[in-house]
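Colleague: Below you will find the structure I want to go over with you.
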Amino acid sequence: MAPDRSVIMRAGWVLTGDAAGTVYAPGEVGFVNGVLTYVGPPRPTATADRVIDLGIGAIAPGLLNGHTHAAMSLMRGLADDWPLMPWLREHVWPVEAHMTPEDVYLGTVLAGVEMARAGIVGFLDMYGMADQVARAARTVGLRAAVAYGFLGDWPDAQPKLERALDLCRALRDEADGLVEGWLGPHAPYTCAPALLERVAAAQADEGWRVHIHLAESVDEDREIRARYGLSPVALVERVGLLGPRTAVAHAVHLDARDIERLARSGAGAVHCPVSNQKLGNGVAPILELKAAGVPVGLGTDGPASTNTLNLFQEMRLAAWLQKARHSDPAAFRAGDALAMATRETARVLGWASGVLAAGRPADLVAVRWWQAHTQPVLDPVSTFVYATTPGDVRYTVVGGRLVLDDGVVTTVDEEAVLREARDRAVALLARAGRR
Ligand SMILES: [Zn+2]
């Protein structure tokens with residue numbers, strides 16, 4: 001339904017996601033023209049163009065995926081169980097070299113449908129051909145920060161940086177409030193310092209936000225120290241790229257000085273616990289980053305490394321890893337995980353989403369809890385973080401638009417997307433000589 005119509009949603013629980021952890025039980029959310037107009041206890045006499053009653057279920061801030069490469073859904077399951085460097089160099093990059101713009105578009109649409117079904121209202125993506133990522137996000141109706149990915153030496157990579165800047169400017173001019181352009185230098189081990197310096201200069205000149213992989217693996221740490229005599233974080237600081245408009249993905253291998261550098265700069269970090277575990281990259285020092293004042297959001301990473309775009313799984317693993325790392329079950333609680341997947345990711349992205357409050361964007365997820373695995377509901381935050389699955393999501397609302405409406409994706413023909421994505425993946429792997 002159109003975002004200009006007024007909607008009221010009621011449920012047994014409304015998790016506002018605010019800093020005080022406010023929950024209304026039962027609760028009501030109202031929105032019109034893409035903006036929340038009411039969040040609080042049910043108002044029995046309130047009416048709207050549409051009234052939806054979830055009954056035994058919850059309404060929460062829409063989840064935000066702070067780091068992904070959505071189009072890599074076409075490579076889901078291509079090369080599991082490899083370490084980062086051979087995974088990238090021997091498996092992913094040789095196949096990506098054969099991807100067409102339509103592959104990137106359709107792969108992102110497929111991932112977008114998966115995210116909409118999992119209660120994700122927006123994502124930060126890094127990929128080449130990011131214009132197709134932007135197009136796909138609009139097709140599915142999700143918010144997106146599309147970081148145009150590039151790598152290489154300077155001046156060889158100059159045309160790529162210029163294409164990225166052109167896309168950022170074009171998206172800024174289109175300004176539909178749904179999609180924005182970022183710069184996406186891949187990582188310090190794939191981008192020469194001279195290229196990173198140019199990215200920093202463009203950021204300083206025109207204010208672009210930047211997304212980069214940083215301190216992800218032991219191999220990266222070793223490579224960067226051997227080449228430059230600096231830690232990856234110190235190198236990125238040295239070239240001028242560490243600042244409040246930069247979001248770094250992973251931030252696993254950090255010493256105390258690196259954490260201090262991140263904190264001083266105002267940069268945000270995005271934690272990707274499933275990817276870090278699956279690729280054997282270790283456990284990020286999340287509590288230390290938070291204690292130093294670094295905003296830490298949550299992301300899935302790409303579906304070729306993580307296999308599913310499931311922030312419920314990421315929330316759980318983020319909590320479990322910190323509990324295990326510190327031998328303390330109270331070290332990172334369910335509410336911390338919810339904050340990380342919503343308002344903290346919004347902070348890293350510079351978005352107004354992530355909290356349910358009047359005046360905020362109508363970005364929300366609604367789940368039904370009359371299920372064996374979610375009953376009884378004794379603590380709604382616990383049920384949301386530790387027991388809910390994407391299959392429980394009934395509504396995903398982005399800027400007031402019901403992208404998922406009672407379990408049905410409203411923006412695309414889902415069956416047609418699945419068929420085309422499968423056919424495109426088969427053809428892509430055949431072109432790459434992998435099948
Ligand atoms: Zn990544």
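Labeling convention for the structure tokens: chains A, B, ... as they appear, residues from 1 per chain, ligands from 1 in order of appearance.
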Let me see if you get this right: every residue at most 12 Å from ligand 1, counting only C-alpha atoms and all ligand atoms, written as an NGL selection string.
Modeller: :A and (65-72 or 84 or 88 or 92 or 124-127 or 147 or 149 or 184-187 or 211-217 or 247-251 or 270-276 or 279 or 299-306)
Colleague: Env of Arg434 of chain A: 10 Å cut, atoms = only C-alpha atoms, seq-sep filter 2 positions within chain, self excluded. Answer as a ChimeraX atom specification.
Modeller: /A:78,91,94-95,426-432
Colleague: Based on the selection just made, write N, CA, C and O atoms of those residues as a PDB file, in the first residue's frame.
Modeller:
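Listing of again_34.pdb after writing:
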```
ATOM      1  N   LEU A  78      29.209 -21.211  -3.106  1.00  0.00           N
ATOM      2  CA  LEU A  78      30.234 -21.478  -4.136  1.00  0.00           C
ATOM      3  C   LEU A  78      31.514 -22.045  -3.538  1.00  0.00           C
ATOM      4  O   LEU A  78      32.102 -22.986  -4.067  1.00  0.00           O
ATOM      5  N   HIS A  91      38.594 -17.972  -5.542  1.00  0.00           N
ATOM      6  CA  HIS A  91      37.202 -18.369  -5.776  1.00  0.00           C
ATOM      7  C   HIS A  91      36.307 -17.186  -6.138  1.00  0.00           C
ATOM      8  O   HIS A  91      35.685 -17.176  -7.189  1.00  0.00           O
ATOM      9  N   PRO A  94      37.663 -14.496  -9.280  1.00  0.00           N
ATOM     10  CA  PRO A  94      37.588 -15.038 -10.647  1.00  0.00           C
ATOM     11  C   PRO A  94      36.146 -15.178 -11.157  1.00  0.00           C
ATOM     12  O   PRO A  94      35.900 -15.041 -12.352  1.00  0.00           O
ATOM     13  N   VAL A  95      35.201 -15.458 -10.268  1.00  0.00           N
ATOM     14  CA  VAL A  95      33.800 -15.552 -10.702  1.00  0.00           C
ATOM     15  C   VAL A  95      33.220 -14.157 -10.888  1.00  0.00           C
ATOM     16  O   VAL A  95      32.533 -13.871 -11.875  1.00  0.00           O
ATOM     17  N   VAL A 426      23.612 -20.140 -12.407  1.00  0.00           N
ATOM     18  CA  VAL A 426      24.102 -21.289 -13.187  1.00  0.00           C
ATOM     19  C   VAL A 426      24.890 -20.792 -14.397  1.00  0.00           C
ATOM     20  O   VAL A 426      25.989 -21.277 -14.689  1.00  0.00           O
ATOM     21  N   ALA A 427      24.351 -19.791 -15.095  1.00  0.00           N
ATOM     22  CA  ALA A 427      25.024 -19.267 -16.291  1.00  0.00           C
ATOM     23  C   ALA A 427      26.340 -18.584 -15.920  1.00  0.00           C
ATOM     24  O   ALA A 427      27.352 -18.712 -16.617  1.00  0.00           O
ATOM     25  N   LEU A 428      26.342 -17.853 -14.802  1.00  0.00           N
ATOM     26  CA  LEU A 428      27.556 -17.155 -14.355  1.00  0.00           C
ATOM     27  C   LEU A 428      28.672 -18.164 -14.062  1.00  0.00           C
ATOM     28  O   LEU A 428      29.810 -17.987 -14.510  1.00  0.00           O
ATOM     29  N   LEU A 429      28.349 -19.210 -13.343  1.00  0.00           N
ATOM     30  CA  LEU A 429      29.375 -20.205 -12.991  1.00  0.00           C
ATOM     31  C   LEU A 429      29.861 -20.945 -14.236  1.00  0.00           C
ATOM     32  O   LEU A 429      31.038 -21.295 -14.333  1.00  0.00           O
ATOM     33  N   ALA A 430      28.973 -21.137 -15.203  1.00  0.00           N
ATOM     34  CA  ALA A 430      29.398 -21.780 -16.449  1.00  0.00           C
ATOM     35  C   ALA A 430      30.380 -20.872 -17.196  1.00  0.00           C
ATOM     36  O   ALA A 430      31.429 -21.333 -17.668  1.00  0.00           O
ATOM     37  N   ARG A 431      30.085 -19.578 -17.262  1.00  0.00           N
ATOM     38  CA  ARG A 431      31.004 -18.633 -17.935  1.00  0.00           C
ATOM     39  C   ARG A 431      32.350 -18.607 -17.246  1.00  0.00           C
ATOM     40  O   ARG A 431      33.390 -18.444 -17.867  1.00  0.00           O
ATOM     41  N   ALA A 432      32.335 -18.755 -15.914  1.00  0.00           N
ATOM     42  CA  ALA A 432      33.581 -18.702 -15.133  1.00  0.00           C
ATOM     43  C   ALA A 432      34.307 -20.044 -15.118  1.00  0.00           C
ATOM     44  O   ALA A 432      35.345 -20.175 -14.482  1.00  0.00           O
TER      45      ALA A 432
END
```
Colleague: Do you know which residues are at most 10 Å from Leu402 of chain A counting only C-alpha atoms, after dropping those on the same chain fewer than 5 positions away, and could you put them as a short mmCIF file (atom, residue, chain, number, x, y, z; two decimals) with C-alpha atoms, in the first residue's frame?
Modeller:
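Saved result, selection-v7.cif, follows:
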```
data_model
loop_
_atom_site.label_atom_id
_atom_site.label_comp_id
_atom_site.auth_asym_id
_atom_site.auth_seq_id
_atom_site.Cartn_x
_atom_site.Cartn_y
_atom_site.Cartn_z
CA MET A 1 0.00 0.00 0.00
CA ALA A 2 1.09 3.55 -0.68
CA PRO A 3 3.19 5.25 2.00
CA VAL A 7 -1.61 2.97 9.23
CA ALA A 116 12.77 -7.89 3.56
CA GLY A 141 11.89 -0.86 -1.56
CA ALA A 362 8.37 4.55 9.77
CA ASP A 363 10.95 1.76 9.49
CA LEU A 364 9.85 -1.28 11.46
CA VAL A 365 9.51 -5.02 11.67
CA TYR A 395 5.53 -7.17 8.17
CA THR A 396 8.55 -5.16 7.12
CA VAL A 397 7.85 -1.46 6.72
CA VAL A 408 3.85 -11.45 1.20
CA VAL A 409 6.56 -9.44 -0.58
CA THR A 410 4.62 -6.62 -2.26
CA THR A 411 7.25 -4.99 -4.44
#
```
Colleague: How many Å separate atom CA of Pro193 of chain A from atom CA of Val233 of chain A?
Modeller: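 Distance reported for this atom pair: 12.4 Å.
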Colleague: Give me, please, the distance in Å between atom CA of Ala175 of chain A and atom CA of Pro361 of chain A, quoted to one decimal.
Modeller: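 Atom CA of Pro361 of chain A lies 15.7 Å from atom CA of Ala175 of chain A.
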Colleague: Name all residues at most 9 Å from Trp208 of chain A (count only C-alpha atoms; drop same-chain ones fewer than 5 positions away) and give them as a PDB file with C-alpha atoms, in the first residue's frame.
Modeller:
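Output file part-v4.pdb is given in full below:
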```pdb
ATOM      1  CA  LEU A 165      32.353   9.812  -7.377  1.00  0.00           C
ATOM      2  CA  CYS A 168      27.701   9.409  -5.455  1.00  0.00           C
ATOM      3  CA  GLY A 181      26.043   6.847  -2.490  1.00  0.00           C
ATOM      4  CA  TRP A 182      29.216   6.127  -0.515  1.00  0.00           C
ATOM      5  CA  LEU A 183      32.806   5.485  -1.526  1.00  0.00           C
ATOM      6  CA  ALA A 202      37.493  13.414  -2.008  1.00  0.00           C
ATOM      7  CA  GLN A 203      35.830  12.789   1.362  1.00  0.00           C
ATOM      8  CA  ARG A 245      32.097   9.803   8.152  1.00  0.00           C
ATOM      9  CA  THR A 246      33.899   6.469   7.823  1.00  0.00           C
TER      10      THR A 246
END
```
Colleague: So which bits of segment 272-401 of chain A end up strand (DSSP E) when you DSSP the backbone, as number ranges by chain?
Modeller: A: 296-298, 364-368, 393-398, 401
Colleague: Restricting it to C-alpha atoms, dump the selection as an mmCIF file, in the first residue's frame.
Modeller:
```cif
data_model
loop_
_atom_site.group_PDB
_atom_site.id
_atom_site.type_symbol
_atom_site.label_atom_id
_atom_site.label_comp_id
_atom_site.auth_asym_id
_atom_site.auth_seq_id
_atom_site.Cartn_x
_atom_site.Cartn_y
_atom_site.Cartn_z
ATOM 1 C CA VAL A 296 29.493 -0.460 16.773
ATOM 2 C CA GLY A 297 26.798 -1.653 14.396
ATOM 3 C CA LEU A 298 25.969 -5.129 13.126
ATOM 4 C CA LEU A 364 9.846 -1.278 11.460
ATOM 5 C CA VAL A 365 9.512 -5.024 11.675
ATOM 6 C CA ALA A 366 6.516 -6.900 13.054
ATOM 7 C CA VAL A 367 6.734 -10.523 14.121
ATOM 8 C CA ARG A 368 4.150 -13.078 15.243
ATOM 9 C CA VAL A 393 8.445 -11.868 10.378
ATOM 10 C CA ARG A 394 5.017 -10.849 9.035
ATOM 11 C CA TYR A 395 5.532 -7.167 8.167
ATOM 12 C CA THR A 396 8.553 -5.161 7.117
ATOM 13 C CA VAL A 397 7.850 -1.456 6.718
ATOM 14 C CA VAL A 398 10.296 0.939 5.058
ATOM 15 C CA ARG A 401 5.682 1.284 2.767
#
```
Colleague: Taking the DSSP assignment computed from this structure's backbone, write out as number ranges by chain all residues of segment 125-219 of chain A that belong to helix (DSSP H, G or I).
Modeller: A: 130-140, 158-174, 193-206, 218-219
Colleague: Would you kindly return, as JSON, numbers by chain, each protein, DNA or RNA residue with an atom no farther than 8 Å from any atom of Tyr189 of chain A, considering only C-alpha atoms and excluding same-chain residues fewer than 2 positions away?
Modeller: {"A": [187, 191, 192, 220, 223, 224]}
Colleague: With only C-alpha atoms as the counted atoms, please give the residues lying no more than 9 Å from Gly354 of chain A, apart from itself and same-chain residues fewer than 5 positions off, as a PyMOL selection string.
Modeller: chain A and resi 16-18+60-64+339+341-347+360-361+363-364
Colleague: Could you write those residues out with N, CA and C atoms, as a PDB file, in the first residue's frame?
Modeller:
```
ATOM      1  N   THR A  16      10.506  -0.272  21.625  1.00  0.00           N
ATOM      2  CA  THR A  16      10.844   0.992  20.959  1.00  0.00           C
ATOM      3  C   THR A  16      12.307   1.016  20.527  1.00  0.00           C
ATOM      4  N   GLY A  17      13.154   0.246  21.206  1.00  0.00           N
ATOM      5  CA  GLY A  17      14.571   0.283  20.872  1.00  0.00           C
ATOM      6  C   GLY A  17      15.258   1.548  21.345  1.00  0.00           C
ATOM      7  N   ASP A  18      14.601   2.327  22.217  1.00  0.00           N
ATOM      8  CA  ASP A  18      15.260   3.548  22.708  1.00  0.00           C
ATOM      9  C   ASP A  18      16.302   3.206  23.782  1.00  0.00           C
ATOM     10  N   ALA A  60       9.006  -3.848  16.349  1.00  0.00           N
ATOM     11  CA  ALA A  60      10.324  -3.368  16.775  1.00  0.00           C
ATOM     12  C   ALA A  60      10.900  -2.485  15.670  1.00  0.00           C
ATOM     13  N   PRO A  61      11.958  -1.717  15.984  1.00  0.00           N
ATOM     14  CA  PRO A  61      12.612  -0.953  14.915  1.00  0.00           C
ATOM     15  C   PRO A  61      13.087  -1.911  13.822  1.00  0.00           C
ATOM     16  N   GLY A  62      12.959  -1.513  12.567  1.00  0.00           N
ATOM     17  CA  GLY A  62      13.456  -2.349  11.478  1.00  0.00           C
ATOM     18  C   GLY A  62      14.944  -2.608  11.654  1.00  0.00           C
ATOM     19  N   LEU A  63      15.348  -3.825  11.349  1.00  0.00           N
ATOM     20  CA  LEU A  63      16.766  -4.171  11.508  1.00  0.00           C
ATOM     21  C   LEU A  63      17.573  -3.524  10.382  1.00  0.00           C
ATOM     22  N   LEU A  64      18.813  -3.167  10.698  1.00  0.00           N
ATOM     23  CA  LEU A  64      19.701  -2.522   9.722  1.00  0.00           C
ATOM     24  C   LEU A  64      20.935  -3.382   9.526  1.00  0.00           C
ATOM     25  N   ALA A 339      20.127  -3.315  20.344  1.00  0.00           N
ATOM     26  CA  ALA A 339      20.623  -1.959  20.053  1.00  0.00           C
ATOM     27  C   ALA A 339      21.625  -1.977  18.899  1.00  0.00           C
ATOM     28  N   ALA A 341      21.823  -4.007  16.381  1.00  0.00           N
ATOM     29  CA  ALA A 341      21.202  -4.269  15.075  1.00  0.00           C
ATOM     30  C   ALA A 341      20.274  -3.141  14.637  1.00  0.00           C
ATOM     31  N   THR A 342      20.057  -2.161  15.504  1.00  0.00           N
ATOM     32  CA  THR A 342      19.089  -1.102  15.173  1.00  0.00           C
ATOM     33  C   THR A 342      19.733   0.286  15.345  1.00  0.00           C
ATOM     34  N   ARG A 343      19.634   0.863  16.555  1.00  0.00           N
ATOM     35  CA  ARG A 343      20.047   2.270  16.676  1.00  0.00           C
ATOM     36  C   ARG A 343      21.552   2.460  16.571  1.00  0.00           C
ATOM     37  N   GLU A 344      22.341   1.473  16.986  1.00  0.00           N
ATOM     38  CA  GLU A 344      23.794   1.642  16.874  1.00  0.00           C
ATOM     39  C   GLU A 344      24.236   1.557  15.404  1.00  0.00           C
ATOM     40  N   THR A 345      23.616   0.658  14.637  1.00  0.00           N
ATOM     41  CA  THR A 345      23.931   0.625  13.198  1.00  0.00           C
ATOM     42  C   THR A 345      23.478   1.927  12.550  1.00  0.00           C
ATOM     43  N   ALA A 346      22.324   2.441  12.964  1.00  0.00           N
ATOM     44  CA  ALA A 346      21.853   3.722  12.425  1.00  0.00           C
ATOM     45  C   ALA A 346      22.862   4.832  12.709  1.00  0.00           C
ATOM     46  N   ARG A 347      23.457   4.796  13.898  1.00  0.00           N
ATOM     47  CA  ARG A 347      24.480   5.797  14.254  1.00  0.00           C
ATOM     48  C   ARG A 347      25.677   5.705  13.311  1.00  0.00           C
ATOM     49  N   ARG A 360      10.232   9.932  13.838  1.00  0.00           N
ATOM     50  CA  ARG A 360      11.263   9.117  13.181  1.00  0.00           C
ATOM     51  C   ARG A 360      10.678   8.457  11.926  1.00  0.00           C
ATOM     52  N   PRO A 361      11.549   7.998  11.012  1.00  0.00           N
ATOM     53  CA  PRO A 361      11.037   7.282   9.830  1.00  0.00           C
ATOM     54  C   PRO A 361      10.237   6.042  10.249  1.00  0.00           C
ATOM     55  N   ASP A 363      10.147   2.919   9.865  1.00  0.00           N
ATOM     56  CA  ASP A 363      10.952   1.755   9.486  1.00  0.00           C
ATOM     57  C   ASP A 363      10.791   0.738  10.609  1.00  0.00           C
ATOM     58  N   LEU A 364      10.086  -0.346  10.356  1.00  0.00           N
ATOM     59  CA  LEU A 364       9.846  -1.278  11.460  1.00  0.00           C
ATOM     60  C   LEU A 364       9.655  -2.696  10.972  1.00  0.00           C
TER      61      LEU A 364
END
```
